[in-house]
file query_16.txt (compact mmCIF, C-alpha atoms and all ligand atoms)
# COMPACT_ATOMS: atom_id res chain seq x y z
CA MET A 28 1.55 24.08 -34.06
CA ASN A 29 3.31 25.72 -31.14
CA GLN A 30 3.49 23.14 -28.40
CA PRO A 31 5.39 24.57 -25.45
CA SER A 32 6.96 22.16 -22.97
CA LEU A 33 5.65 22.07 -19.41
CA ARG A 34 8.59 24.20 -18.32
CA GLU A 35 7.68 26.85 -20.91
CA ALA A 36 3.91 26.62 -20.46
CA ASP A 37 3.80 26.47 -16.69
CA PRO A 38 7.09 27.07 -14.91
CA ASP A 39 5.34 27.02 -11.53
CA VAL A 40 4.15 23.44 -11.88
CA ALA A 41 7.32 22.36 -13.72
CA SER A 42 9.56 23.60 -10.94
CA LEU A 43 7.47 21.89 -8.26
CA ILE A 44 7.76 18.59 -10.14
CA ALA A 45 11.50 19.07 -10.57
CA ALA A 46 11.81 19.82 -6.85
CA GLU A 47 9.86 16.67 -6.01
CA GLU A 48 12.18 14.61 -8.24
CA ARG A 49 15.15 16.01 -6.38
CA ARG A 50 13.50 15.39 -3.00
CA GLU A 51 12.72 11.79 -3.89
CA PHE A 52 16.31 11.33 -5.08
CA GLU A 53 17.94 12.87 -2.01
CA LYS A 54 15.81 11.34 0.70
CA VAL A 55 15.73 7.90 2.24
CA ARG A 56 12.08 7.15 1.53
CA LEU A 57 10.76 4.66 4.07
CA ILE A 58 6.98 5.17 3.95
CA PRO A 59 5.92 1.54 3.40
CA SER A 60 3.03 2.36 1.05
CA GLU A 61 5.30 4.29 -1.34
CA ASN A 62 7.72 3.27 -4.06
CA TYR A 63 9.47 4.43 -7.24
CA VAL A 64 7.73 3.45 -10.49
CA SER A 65 9.85 2.75 -13.54
CA ARG A 66 10.35 5.19 -16.36
CA ALA A 67 8.17 2.88 -18.52
CA VAL A 68 5.27 3.13 -16.04
CA LEU A 69 5.67 6.93 -15.91
CA GLU A 70 5.59 7.15 -19.71
CA ALA A 71 2.44 5.04 -19.97
CA THR A 72 0.77 7.06 -17.24
CA GLY A 73 1.69 10.37 -18.86
CA SER A 74 0.29 9.41 -22.27
CA VAL A 75 -2.56 10.51 -24.57
CA LEU A 76 -4.67 7.71 -23.11
CA THR A 77 -5.79 10.34 -20.62
CA ASN A 78 -7.79 11.89 -23.50
CA LYS A 79 -10.13 8.97 -24.04
CA TYR A 80 -13.51 8.10 -22.50
CA SER A 81 -14.33 4.38 -22.25
CA GLU A 82 -17.30 3.77 -19.95
CA GLY A 83 -18.10 0.08 -19.91
CA TYR A 84 -15.83 -2.92 -20.50
CA ALA A 85 -13.93 -4.27 -23.53
CA GLY A 86 -16.45 -5.09 -26.27
CA LYS A 87 -19.31 -3.31 -24.42
CA ARG A 88 -18.54 0.41 -24.43
CA TYR A 89 -20.79 3.45 -24.53
CA TYR A 90 -18.38 5.53 -26.64
CA GLU A 91 -16.88 4.87 -30.07
CA GLY A 92 -13.16 4.88 -30.83
CA GLN A 93 -12.09 2.03 -28.53
CA GLN A 94 -9.79 0.37 -31.14
CA ASN A 95 -6.78 0.75 -28.84
CA ILE A 96 -8.43 0.90 -25.43
CA ASP A 97 -10.17 -2.47 -25.62
CA PRO A 98 -6.97 -4.43 -26.34
CA LEU A 99 -5.12 -2.35 -23.72
CA GLU A 100 -7.61 -3.06 -20.94
CA SER A 101 -7.83 -6.73 -21.98
CA LEU A 102 -4.03 -6.95 -21.79
CA ALA A 103 -4.03 -5.50 -18.27
CA VAL A 104 -6.80 -7.90 -17.22
CA GLU A 105 -5.00 -10.92 -18.71
CA ARG A 106 -1.72 -9.98 -17.06
CA ALA A 107 -3.44 -9.53 -13.68
CA ARG A 108 -5.18 -12.91 -13.96
CA ALA A 109 -1.96 -14.66 -14.97
CA LEU A 110 0.25 -13.01 -12.34
CA PHE A 111 -2.08 -13.75 -9.42
CA GLY A 112 -3.80 -16.88 -10.73
CA ALA A 113 -7.26 -15.31 -10.55
CA ASP A 114 -10.38 -16.25 -12.54
CA HIS A 115 -11.40 -12.65 -13.09
CA ALA A 116 -9.81 -9.22 -12.78
CA ASN A 117 -11.28 -5.73 -12.85
CA VAL A 118 -8.57 -3.09 -13.38
CA GLN A 119 -10.80 0.00 -13.38
CA PRO A 120 -11.08 1.07 -9.70
CA TYR A 121 -9.64 4.55 -9.29
CA SER A 122 -7.81 3.61 -6.10
CA GLY A 123 -7.83 1.19 -3.20
CA SER A 124 -10.64 2.84 -1.26
CA PRO A 125 -13.13 2.87 -4.18
CA ALA A 126 -12.15 -0.73 -4.97
CA ASN A 127 -13.16 -1.77 -1.47
CA LEU A 128 -16.36 0.26 -1.65
CA ALA A 129 -17.22 -1.44 -4.94
CA VAL A 130 -16.92 -4.83 -3.21
CA TYR A 131 -19.26 -3.65 -0.45
CA PHE A 132 -21.71 -2.42 -3.09
CA ALA A 133 -21.49 -5.72 -4.98
CA LEU A 134 -22.12 -7.93 -1.95
CA LEU A 135 -23.97 -6.01 0.76
CA LYS A 136 -26.91 -3.80 1.64
CA PRO A 137 -26.46 -0.76 3.92
CA GLY A 138 -26.73 -1.88 7.54
CA ASP A 139 -25.28 -5.34 6.89
CA THR A 140 -22.61 -6.45 9.33
CA VAL A 141 -18.97 -6.34 8.21
CA MET A 142 -15.95 -7.45 10.18
CA GLY A 143 -12.48 -5.98 9.61
CA MET A 144 -9.30 -5.19 11.46
CA ALA A 145 -9.54 -2.10 13.68
CA LEU A 146 -7.63 0.91 12.36
CA PRO A 147 -5.65 1.44 15.61
CA HIS A 148 -4.50 -2.18 15.37
CA GLY A 149 -3.25 -1.79 11.79
CA GLY A 150 -6.42 -2.12 9.68
CA HIS A 151 -7.52 0.29 6.94
CA LEU A 152 -10.21 2.98 7.17
CA THR A 153 -12.26 1.15 4.54
CA HIS A 154 -12.41 -2.03 6.63
CA GLY A 155 -15.30 -0.59 8.65
CA TRP A 156 -13.66 2.16 10.71
CA ASN A 157 -16.31 4.56 12.06
CA VAL A 158 -15.29 7.75 10.20
CA SER A 159 -15.30 5.89 6.85
CA ILE A 160 -18.45 5.33 4.80
CA THR A 161 -17.81 1.63 5.43
CA GLY A 162 -18.30 2.16 9.16
CA ALA A 163 -21.07 4.76 8.83
CA TRP A 164 -23.35 2.95 6.35
CA PHE A 165 -22.67 -0.62 7.49
CA ARG A 166 -22.75 -2.23 10.90
CA SER A 167 -19.09 -2.79 11.64
CA VAL A 168 -17.46 -5.07 14.17
CA GLN A 169 -13.69 -5.08 14.52
CA TYR A 170 -11.00 -7.55 15.50
CA GLY A 171 -7.42 -6.71 16.40
CA VAL A 172 -4.06 -7.96 17.53
CA ASN A 173 -3.07 -9.50 20.83
CA LEU A 174 -1.56 -6.58 22.76
CA GLU A 175 1.14 -8.77 24.30
CA THR A 176 2.42 -10.33 21.07
CA GLY A 177 1.40 -7.68 18.53
CA ARG A 178 0.14 -10.53 16.32
CA LEU A 179 -3.34 -11.03 14.90
CA ASP A 180 -5.61 -12.63 17.47
CA TYR A 181 -7.25 -15.35 15.36
CA ASP A 182 -9.19 -16.73 18.35
CA GLN A 183 -10.73 -13.34 19.12
CA MET A 184 -11.53 -12.90 15.41
CA ARG A 185 -13.27 -16.30 15.28
CA ASP A 186 -15.25 -15.68 18.48
CA LEU A 187 -16.36 -12.28 17.21
CA ALA A 188 -17.48 -13.78 13.90
CA ARG A 189 -19.43 -16.54 15.66
CA ARG A 190 -21.17 -13.97 17.86
CA GLU A 191 -21.85 -11.25 15.26
CA ARG A 192 -22.35 -13.32 12.07
CA PRO A 193 -20.87 -10.77 9.64
CA ARG A 194 -21.84 -11.03 5.97
CA LEU A 195 -18.38 -9.88 4.94
CA ILE A 196 -15.06 -10.68 6.63
CA ILE A 197 -12.08 -8.57 5.61
CA ALA A 198 -8.43 -9.45 6.10
CA GLY A 199 -5.63 -7.05 5.25
CA ALA A 200 -3.74 -4.25 6.92
CA THR A 201 -1.76 -1.06 6.55
CA ALA A 202 0.45 -1.42 9.59
CA TYR A 203 0.88 -5.13 10.31
CA PRO A 204 4.45 -6.48 10.11
CA ARG A 205 3.63 -10.19 10.06
CA VAL A 206 2.37 -12.78 7.56
CA ILE A 207 -1.44 -12.96 7.40
CA ASP A 208 -2.93 -16.47 7.58
CA PHE A 209 -5.58 -16.18 4.86
CA ALA A 210 -6.62 -19.83 5.20
CA ALA A 211 -7.59 -19.17 8.84
CA PHE A 212 -9.85 -16.29 7.75
CA ARG A 213 -11.44 -18.43 5.07
CA ALA A 214 -12.20 -21.19 7.57
CA VAL A 215 -14.01 -18.69 9.81
CA ALA A 216 -15.88 -17.21 6.85
CA ASP A 217 -17.06 -20.68 5.84
CA GLU A 218 -18.11 -21.47 9.38
CA VAL A 219 -20.33 -18.37 9.72
CA GLY A 220 -21.46 -18.19 6.08
CA ALA A 221 -19.62 -14.95 5.29
CA THR A 222 -17.92 -13.81 2.11
CA PHE A 223 -14.17 -13.38 2.56
CA LEU A 224 -12.48 -10.28 1.15
CA ALA A 225 -8.69 -10.13 1.29
CA ASP A 226 -7.26 -6.64 0.80
CA MET A 227 -3.61 -7.16 -0.19
CA ALA A 228 -2.91 -3.50 -1.01
CA HIS A 229 0.32 -3.33 0.98
CA ILE A 230 1.70 -6.73 0.11
CA ALA A 231 0.60 -7.27 -3.54
CA GLY A 232 4.17 -6.96 -4.81
CA LEU A 233 5.39 -9.47 -2.23
CA VAL A 234 2.60 -11.84 -3.25
CA ALA A 235 3.44 -11.38 -6.94
CA GLY A 236 7.10 -12.10 -6.22
CA GLY A 237 6.45 -15.11 -4.00
CA ALA A 238 7.63 -13.40 -0.81
CA HIS A 239 4.26 -13.58 0.99
CA PRO A 240 1.58 -16.32 0.72
CA SER A 241 -1.14 -15.43 -1.76
CA PRO A 242 -4.71 -14.77 -0.60
CA VAL A 243 -6.08 -15.64 -4.05
CA PRO A 244 -6.63 -19.40 -3.41
CA HIS A 245 -8.49 -18.61 -0.17
CA ALA A 246 -10.51 -15.42 -0.65
CA HIS A 247 -13.77 -15.01 -2.56
CA VAL A 248 -12.62 -11.53 -3.55
CA VAL A 249 -9.20 -9.87 -3.42
CA THR A 250 -8.66 -6.13 -3.70
CA THR A 251 -5.34 -4.40 -4.11
CA THR A 252 -3.86 -1.04 -4.87
CA THR A 253 -1.34 -1.06 -7.71
CA HIS A 254 1.02 1.63 -6.40
CA LYS A 255 2.54 0.18 -3.22
CA THR A 256 4.85 -2.86 -3.27
CA LEU A 257 3.44 -3.76 -6.71
CA ARG A 258 5.25 -0.63 -8.05
CA GLY A 259 2.65 0.53 -10.56
CA PRO A 260 0.72 3.77 -10.97
CA ARG A 261 -1.87 4.91 -8.44
CA GLY A 262 -4.85 2.67 -9.03
CA ALA A 263 -6.43 -0.57 -7.92
CA MET A 264 -7.71 -3.95 -9.03
CA ILE A 265 -10.34 -6.42 -7.88
CA LEU A 266 -9.67 -10.13 -8.40
CA CYS A 267 -12.40 -12.69 -7.89
CA ARG A 268 -13.82 -16.04 -8.84
CA GLU A 269 -16.01 -16.34 -11.90
CA ASP A 270 -19.27 -16.52 -9.90
CA LEU A 271 -18.73 -13.01 -8.50
CA ALA A 272 -17.32 -11.44 -11.66
CA LYS A 273 -20.58 -9.94 -12.91
CA ALA A 274 -21.54 -8.44 -9.56
CA VAL A 275 -18.05 -6.94 -9.10
CA ASP A 276 -17.94 -5.45 -12.60
CA LYS A 277 -21.42 -3.94 -12.24
CA ALA A 278 -20.51 -2.46 -8.87
CA VAL A 279 -17.42 -0.71 -10.30
CA PHE A 280 -19.25 0.51 -13.40
CA PRO A 281 -21.98 1.73 -13.47
CA GLY A 282 -22.36 1.30 -9.69
CA LEU A 283 -19.61 3.52 -8.41
CA GLN A 284 -17.59 5.02 -11.25
CA GLY A 285 -17.85 6.51 -14.71
CA GLY A 286 -15.07 6.24 -17.25
CA PRO A 287 -11.94 4.28 -16.38
CA HIS A 288 -8.60 6.10 -16.30
CA ASN A 289 -7.06 4.55 -19.40
CA HIS A 290 -3.63 6.08 -18.84
CA THR A 291 -3.61 4.38 -15.44
CA THR A 292 -4.74 1.10 -17.02
CA ALA A 293 -1.71 1.33 -19.32
CA GLY A 294 0.60 1.96 -16.38
CA ILE A 295 -0.92 -1.00 -14.54
CA ALA A 296 -0.37 -3.24 -17.58
CA VAL A 297 3.29 -2.22 -17.74
CA ALA A 298 3.77 -2.75 -13.99
CA LEU A 299 2.15 -6.21 -14.20
CA ARG A 300 4.57 -7.17 -16.97
CA GLU A 301 7.48 -5.98 -14.84
CA ALA A 302 6.12 -7.86 -11.81
CA ALA A 303 6.12 -11.14 -13.75
CA THR A 304 9.90 -11.06 -14.30
CA PRO A 305 12.61 -12.91 -12.33
CA ALA A 306 14.09 -9.50 -11.46
CA PHE A 307 10.87 -8.55 -9.67
CA ARG A 308 10.85 -11.86 -7.78
CA GLU A 309 14.32 -11.04 -6.58
CA TYR A 310 13.14 -7.51 -5.70
CA ALA A 311 10.24 -8.83 -3.57
CA HIS A 312 12.53 -11.15 -1.61
CA GLN A 313 15.12 -8.39 -1.15
CA VAL A 314 12.38 -6.11 0.24
CA VAL A 315 11.74 -8.69 2.96
CA ARG A 316 15.45 -9.34 3.63
CA ASN A 317 16.03 -5.59 3.90
CA ALA A 318 13.10 -5.13 6.29
CA ARG A 319 14.45 -7.91 8.50
CA ALA A 320 17.95 -6.40 8.48
CA LEU A 321 16.60 -2.92 9.24
CA ALA A 322 14.39 -4.26 12.04
CA GLU A 323 17.29 -6.12 13.67
CA ALA A 324 19.56 -3.10 13.46
CA LEU A 325 16.90 -0.78 14.91
CA ALA A 326 16.20 -3.20 17.75
CA GLY A 327 19.95 -3.15 18.45
CA TYR A 328 19.67 0.61 19.08
CA GLY A 329 16.90 0.09 21.65
CA PHE A 330 13.87 0.74 19.45
CA LYS A 331 10.89 -1.36 20.48
CA LEU A 332 9.40 -3.21 17.51
CA VAL A 333 5.70 -4.11 17.57
CA SER A 334 5.54 -7.95 17.44
CA GLY A 335 9.32 -7.99 17.93
CA GLY A 336 10.23 -7.85 14.24
CA THR A 337 8.87 -8.28 10.74
CA ASP A 338 8.04 -10.93 8.13
CA ASN A 339 7.18 -8.51 5.36
CA HIS A 340 8.14 -5.05 4.06
CA LEU A 341 7.02 -3.10 7.10
CA ILE A 342 8.22 -2.17 10.56
CA LEU A 343 6.11 -0.59 13.28
CA MET A 344 7.94 0.65 16.32
CA ASP A 345 7.08 2.25 19.63
CA VAL A 346 9.55 5.08 20.16
CA THR A 347 8.34 6.15 23.62
CA PRO A 348 10.87 3.88 25.41
CA ARG A 349 13.54 6.14 23.90
CA GLY A 350 11.80 9.19 25.37
CA LEU A 351 10.29 10.30 22.04
CA THR A 352 6.81 10.61 20.56
CA GLY A 353 6.01 9.35 17.07
CA LYS A 354 5.33 12.79 15.62
CA GLN A 355 8.38 14.37 17.20
CA PHE A 356 10.61 11.61 15.88
CA ALA A 357 9.06 11.48 12.39
CA LYS A 358 9.49 15.25 12.03
CA ALA A 359 13.11 15.10 13.16
CA LEU A 360 13.78 12.20 10.78
CA ASP A 361 12.24 14.15 7.90
CA ARG A 362 14.47 17.14 8.63
CA ALA A 363 17.43 14.75 8.56
CA GLY A 364 16.36 13.34 5.18
CA LEU A 365 14.72 10.12 6.35
CA GLU A 366 11.04 9.92 5.51
CA CYS A 367 8.59 7.74 7.44
CA ASN A 368 5.22 8.39 9.06
CA TYR A 369 4.04 8.63 12.64
CA ASN A 370 1.56 5.94 13.53
CA THR A 371 -0.39 4.57 16.46
CA VAL A 372 0.80 1.29 17.91
CA PRO A 373 -1.73 -1.34 19.11
CA GLY A 374 -3.17 -0.27 22.47
CA ASP A 375 -1.64 3.19 22.04
CA PRO A 376 -2.44 5.40 25.05
CA ARG A 377 -1.57 8.52 22.99
CA LYS A 378 -3.76 10.32 20.43
CA PRO A 379 -3.60 9.54 16.66
CA PHE A 380 -2.22 13.02 15.81
CA ASP A 381 0.72 12.48 18.15
CA PRO A 382 0.96 8.73 18.68
CA SER A 383 3.67 6.54 20.19
CA GLY A 384 5.01 5.01 17.03
CA VAL A 385 6.50 5.39 13.59
CA ARG A 386 5.84 3.14 10.61
CA LEU A 387 8.50 2.45 8.03
CA GLY A 388 9.29 -0.02 5.30
CA THR A 389 11.71 -1.03 2.59
CA PRO A 390 9.84 -1.10 -0.79
CA ALA A 391 11.25 2.21 -2.07
CA VAL A 392 14.83 1.89 -0.83
CA THR A 393 14.98 -1.63 -2.28
CA SER A 394 13.87 -0.25 -5.66
CA ARG A 395 17.03 1.87 -5.50
CA GLY A 396 19.18 -1.23 -5.12
CA MET A 397 19.90 -0.93 -1.40
CA LYS A 398 20.89 -4.13 0.41
CA GLU A 399 21.32 -5.32 4.00
CA PRO A 400 24.52 -3.31 4.78
CA ASP A 401 22.68 -0.16 3.67
CA MET A 402 19.91 -0.97 6.15
CA ALA A 403 22.48 -0.98 8.93
CA ARG A 404 23.53 2.53 7.85
CA ILE A 405 19.90 3.71 7.84
CA ALA A 406 19.40 2.31 11.35
CA ALA A 407 22.51 4.17 12.49
CA PHE A 408 21.05 7.40 11.10
CA PHE A 409 17.84 6.68 13.07
CA HIS A 410 19.87 6.37 16.25
CA GLU A 411 21.69 9.64 15.56
CA VAL A 412 18.42 11.45 14.90
CA ALA A 413 16.91 10.04 18.10
CA GLU A 414 19.83 11.59 20.00
CA ALA A 415 19.40 14.95 18.23
CA VAL A 416 15.63 15.53 17.98
CA GLU A 417 15.86 18.92 19.69
CA ASP A 418 18.93 20.11 17.79
CA PRO A 419 18.02 21.43 14.30
CA ASP A 420 21.65 22.14 13.40
CA ALA A 421 22.66 18.59 14.19
CA LEU A 422 19.69 17.32 12.15
CA ASP A 423 20.81 19.44 9.20
CA ARG A 424 24.32 18.03 9.46
CA ILE A 425 22.86 14.50 9.41
CA ALA A 426 20.77 15.48 6.35
CA ALA A 427 23.94 16.41 4.44
CA ARG A 428 25.40 12.97 5.17
CA VAL A 429 22.11 11.30 4.21
CA ARG A 430 22.23 13.10 0.83
CA ASP A 431 25.75 11.86 0.36
CA PHE A 432 24.59 8.31 1.17
CA THR A 433 21.58 8.33 -1.20
CA SER A 434 23.51 9.86 -4.10
CA ALA A 435 25.07 6.45 -4.79
CA PHE A 436 21.66 4.87 -5.47
CA PRO A 437 19.84 5.76 -8.71
CA CYS A 438 16.04 5.96 -8.53
CA PRO A 439 13.84 4.22 -11.10
CA GLY A 440 11.99 6.85 -13.13
CA ILE A 441 14.19 9.76 -12.02
CA LEU A 442 16.95 11.19 -14.17
CA VAL A 443 18.35 13.80 -11.74
CA GLY A 444 21.49 13.17 -9.73
C1 LIG B 1 -3.56 1.85 0.87
C2 LIG B 1 -4.67 0.94 1.26
C3 LIG B 1 -5.98 1.13 0.80
C4 LIG B 1 -6.45 2.38 0.10
O1 LIG B 1 -5.82 2.76 -1.00
P1 LIG B 1 -5.96 4.25 -1.58
O2 LIG B 1 -5.45 4.06 -2.95
O3 LIG B 1 -5.14 5.12 -0.70
O4 LIG B 1 -7.42 4.61 -1.54
C5 LIG B 1 -6.91 0.18 1.12
N1 LIG B 1 -6.60 -0.90 1.85
C6 LIG B 1 -5.37 -1.11 2.33
C7 LIG B 1 -5.09 -2.32 3.15
C8 LIG B 1 -4.36 -0.18 2.07
O5 LIG B 1 -3.14 -0.39 2.57

call {"tool": "encode", "arguments": {"input": "query_16.txt", "output": "structure tokens"}}
result
Amino acid sequence: MNQPSLREADPDVASLIAAEERREFEKVRLIPSENYVSRAVLEATGSVLTNKYSEGYAGKRYYEGQQNIDPLESLAVERARALFGADHANVQPYSGSPANLAVYFALLKPGDTVMGMALPHGGHLTHGWNVSITGAWFRSVQYGVNLETGRLDYDQMRDLARRERPRLIIAGATAYPRVIDFAAFRAVADEVGATFLADMAHIAGLVAGGAHPSPVPHAHVVTTTTHKTLRGPRGAMILCREDLAKAVDKAVFPGLQGGPHNHTTAGIAVALREAATPAFREYAHQVVRNARALAEALAGYGFKLVSGGTDNHLILMDVTPRGLTGKQFAKALDRAGLECNYNTVPGDPRKPFDPSGVRLGTPAVTSRGMKEPDMARIAAFFHEVAEAVEDPDALDRIAARVRDFTSAFPCPGILVG
């Protein structure tokens, strides 16, 4: 049988993928939700498992031919339970947002009150923000950070819960640089009779590696993406105690989804095996050390860090004191080969499409083997870009030096360079 390669069959797509490989190799990738998966994860994800339909769960499927899928999904489930110490794991959610929606569907009726962190304070859309289905179909009340300290305001959160009596309390964030006190959330949930959902999407890899306290002992349900610090394929998992297992599984399938993405399940299983190794533990701690080093170096150049620093993988900074806007600076950084995203800062007087801040983090650069001295170099590039935002030629000259810098660091999963 003639089986042309991708390059032969579809040079358009092949060349875009090759260009993306080169881009990911050449750039300093600092978007804190992104990473580099291993070659093993890529292979599992790009496998014939994409051919197979498997609605249902291991041992209870609606299609024949599950001889390999059932043990595969069971392996992923067992590895997730062991790594995070959870009673039950569902590895089928297509991504983080559907995982959260499945939890809502398992536990709530439309119109029930939910309480999450406000998006402009660092929460996620699916924690009840108004444009999300979770804010439109549920009654959402939102807590935030103290605008002086940039840290979660646990007192405000507790007062709000006492007043509004939410059925579901959600902890977790996309732009919060500090440790989250999951025990404090659980105490409030117990006091008001709420279920406590911890969404550890951003920090799952740090939790797995022991570099951030785990929400699993405290939360009734934990959701996570698998593709951020956990360094797996794009997907998600729901972990819960045995008493909620049935409701969660039913909500994912048949409640919200059809067939699971078996190729993704395989990639998740591989990533979970990797995340259980001493090397990954070291990785998780290096992510945090690198973030701290980068934060200190940036502060030294006059960048204003929300909360004054970081405890995790992520840095949020207000760039307006340097006479910049977030979008302007993020675009200039991208031209110079340093990739981050513009972001609102808590209490931001500017609009979300051109906010005051940028958000960056160290999961991807740490996967390339960068260490603290390399963070100092990255901070120096940030300073140079801040001085040259209106000078495209200068930005291009910085980009050439950035390419030179990154060429010394191989990327997991990428063979170019
Ligand atoms: C990324 C993220 C999600 C959503 O994940 P997607 O896979 O993009 O749908 C949900 N919650 C939190 C806290 C996240 O950081």

call {"tool": "closest_residue", "arguments": {"input": "query_16.txt", "among": "A:Ile96, A:Ala36, A:Leu271, A:Ala421", "to": "Asp114 of chain A", "atoms": "all atoms listed in the file"}}
result
A:Leu271

call {"tool": "atom_distance", "arguments": {"input": "query_16.txt", "atom1": "atom CA of Gly327 of chain A", "atom2": "atom CA of Leu351 of chain A"}}
result
16.9 Å

call {"tool": "residues_around", "arguments": {"input": "query_16.txt", "residues": "segment 150-162 of chain A", "least_positions_apart": "6", "cutoff": "9 Å", "atoms": "all atoms listed in the file", "output": "VMD selection string"}}
result
chain A and resid 123 to 125 127 to 128 131 141 to 144 168 to 169 171 197 to 203

call {"tool": "residues_near_point", "arguments": {"input": "query_16.txt", "point": "(-6.0, 3.0, 14.7)", "cutoff": "9 Å", "atoms": "all atoms listed in the file", "output": "list in words"}}
result
Ala145, Leu146, Pro147, His148, Gly149, Gly150, His151, Leu152, Trp156, Asn370, Thr371, Val372, Pro373, Gly374, Asp375 and Pro379 of chain A

call {"tool": "atom_distance", "arguments": {"input": "query_16.txt", "atom1": "atom CA of Arg205 of chain A", "atom2": "atom CA of Thr176 of chain A"}}
result
11.1 Å

call {"tool": "axis_aligned_box", "arguments": {"input": "query_16.txt", "around": "ligand LIG 1 (chain B)", "padding_each_side": "8 Å", "output": "JSON"}}
result
{"center_x": -5.3, "center_y": 1.4, "center_z": 0.1, "size_x": 20.3, "size_y": 23.4, "size_z": 22.1}

call {"tool": "closest_residue", "arguments": {"input": "query_16.txt", "among": "A:Asp226, A:Glu48, A:Glu411, A:Asp180", "to": "ligand LIG 1 (chain B)", "atoms": "only C-alpha atoms and all ligand atoms"}}
result
A:Asp226

call {"tool": "residues_around", "arguments": {"input": "query_16.txt", "residues": "Gly83 of chain A", "least_positions_apart": "2", "cutoff": "8 Å", "atoms": "all atoms listed in the file", "output": "PDB file with C-alpha atoms, keeping the file's coordinate frame"}}
result
ATOM      1  CA  SER A  81     -14.330   4.380 -22.250  1.00  0.00           C
ATOM      2  CA  ALA A  85     -13.930  -4.270 -23.530  1.00  0.00           C
ATOM      3  CA  LYS A  87     -19.310  -3.310 -24.420  1.00  0.00           C
ATOM      4  CA  ARG A  88     -18.540   0.410 -24.430  1.00  0.00           C
ATOM      5  CA  TYR A  89     -20.790   3.450 -24.530  1.00  0.00           C
ATOM      6  CA  PHE A 280     -19.250   0.510 -13.400  1.00  0.00           C
ATOM      7  CA  PRO A 281     -21.980   1.730 -13.470  1.00  0.00           C
ATOM      8  CA  GLY A 286     -15.070   6.240 -17.250  1.00  0.00           C
TER       9      GLY A 286
END

call {"tool": "residues_around", "arguments": {"input": "query_16.txt", "residues": "segment 245-247 of chain A", "least_positions_apart": "4", "cutoff": "10 Å", "atoms": "all atoms listed in the file", "output": "PyMOL selection string"}}
result
chain A and resi 196-198+208-214+216+221-226+241+266-271

call {"tool": "atom_distance", "arguments": {"input": "query_16.txt", "atom1": "atom CA of Leu195 of chain A", "atom2": "atom CA of Glu105 of chain A"}}
result
27.2 Å

call {"tool": "closest_residue", "arguments": {"input": "query_16.txt", "among": "A:Ala272, A:Leu102, A:Ala113, A:Ile58", "to": "ligand LIG 1 (chain B)", "atoms": "all atoms listed in the file"}}
result
A:Ile58

call {"tool": "residues_around", "arguments": {"input": "query_16.txt", "residues": "segment 251-259 of chain A", "least_positions_apart": "3", "cutoff": "8 Å", "atoms": "all atoms listed in the file", "output": "CSV table (one decimal) with C-alpha atoms, keeping the file's coordinate frame"}}
result
chain,number,residue,atom,x,y,z
A,59,PRO,CA,5.9,1.5,3.4
A,60,SER,CA,3.0,2.4,1.0
A,61,GLU,CA,5.3,4.3,-1.3
A,62,ASN,CA,7.7,3.3,-4.1
A,63,TYR,CA,9.5,4.4,-7.2
A,64,VAL,CA,7.7,3.4,-10.5
A,65,SER,CA,9.8,2.8,-13.5
A,68,VAL,CA,5.3,3.1,-16.0
A,122,SER,CA,-7.8,3.6,-6.1
A,123,GLY,CA,-7.8,1.2,-3.2
A,126,ALA,CA,-12.2,-0.7,-5.0
A,226,ASP,CA,-7.3,-6.6,0.8
A,227,MET,CA,-3.6,-7.2,-0.2
A,228,ALA,CA,-2.9,-3.5,-1.0
A,229,HIS,CA,0.3,-3.3,1.0
A,230,ILE,CA,1.7,-6.7,0.1
A,231,ALA,CA,0.6,-7.3,-3.5
A,232,GLY,CA,4.2,-7.0,-4.8
A,233,LEU,CA,5.4,-9.5,-2.2
A,235,ALA,CA,3.4,-11.4,-6.9
A,262,GLY,CA,-4.8,2.7,-9.0
A,263,ALA,CA,-6.4,-0.6,-7.9
A,264,MET,CA,-7.7,-4.0,-9.0
A,265,ILE,CA,-10.3,-6.4,-7.9
A,294,GLY,CA,0.6,2.0,-16.4
A,295,ILE,CA,-0.9,-1.0,-14.5
A,297,VAL,CA,3.3,-2.2,-17.7
A,298,ALA,CA,3.8,-2.8,-14.0
A,299,LEU,CA,2.2,-6.2,-14.2
A,302,ALA,CA,6.1,-7.9,-11.8
A,390,PRO,CA,9.8,-1.1,-0.8

call {"tool": "closest_residue", "arguments": {"input": "query_16.txt", "among": "A:Arg300, A:Arg319, A:Arg178, A:Arg430", "to": "Ala107 of chain A", "atoms": "all atoms listed in the file"}}
result
A:Arg300

call {"tool": "closest_residue", "arguments": {"input": "query_16.txt", "among": "A:Leu341, A:Val75, A:Val392, A:Leu325", "to": "ligand LIG 1 (chain B)", "atoms": "only C-alpha atoms and all ligand atoms"}}
result
A:Leu341

call {"tool": "residues_near_point", "arguments": {"input": "query_16.txt", "point": "(17.3, -4.0, 6.2)", "cutoff": "10 Å", "atoms": "all atoms listed in the file", "output": "PyMOL selection string"}}
result
chain A and resi 313-325+340+388-389+392-393+397-406

call {"tool": "decode", "arguments": {"input": "query_16.txt", "residues": "segment 234-243 of chain A", "atoms": "C-alpha atoms", "output": "compact mmCIF listing (two decimals), in the first residue's frame"}}
result
# COMPACT_ATOMS: atom_id res chain seq x y z
CA VAL A 234 1.73 19.34 43.16
CA ALA A 235 2.89 16.07 41.59
CA GLY A 236 6.51 17.03 42.21
CA GLY A 237 5.96 18.21 45.78
CA ALA A 238 6.61 21.88 44.99
CA HIS A 239 3.11 23.09 45.94
CA PRO A 240 0.79 21.72 48.67
CA SER A 241 -1.74 19.26 47.30
CA PRO A 242 -5.46 20.08 47.27
CA VAL A 243 -6.37 16.38 47.19
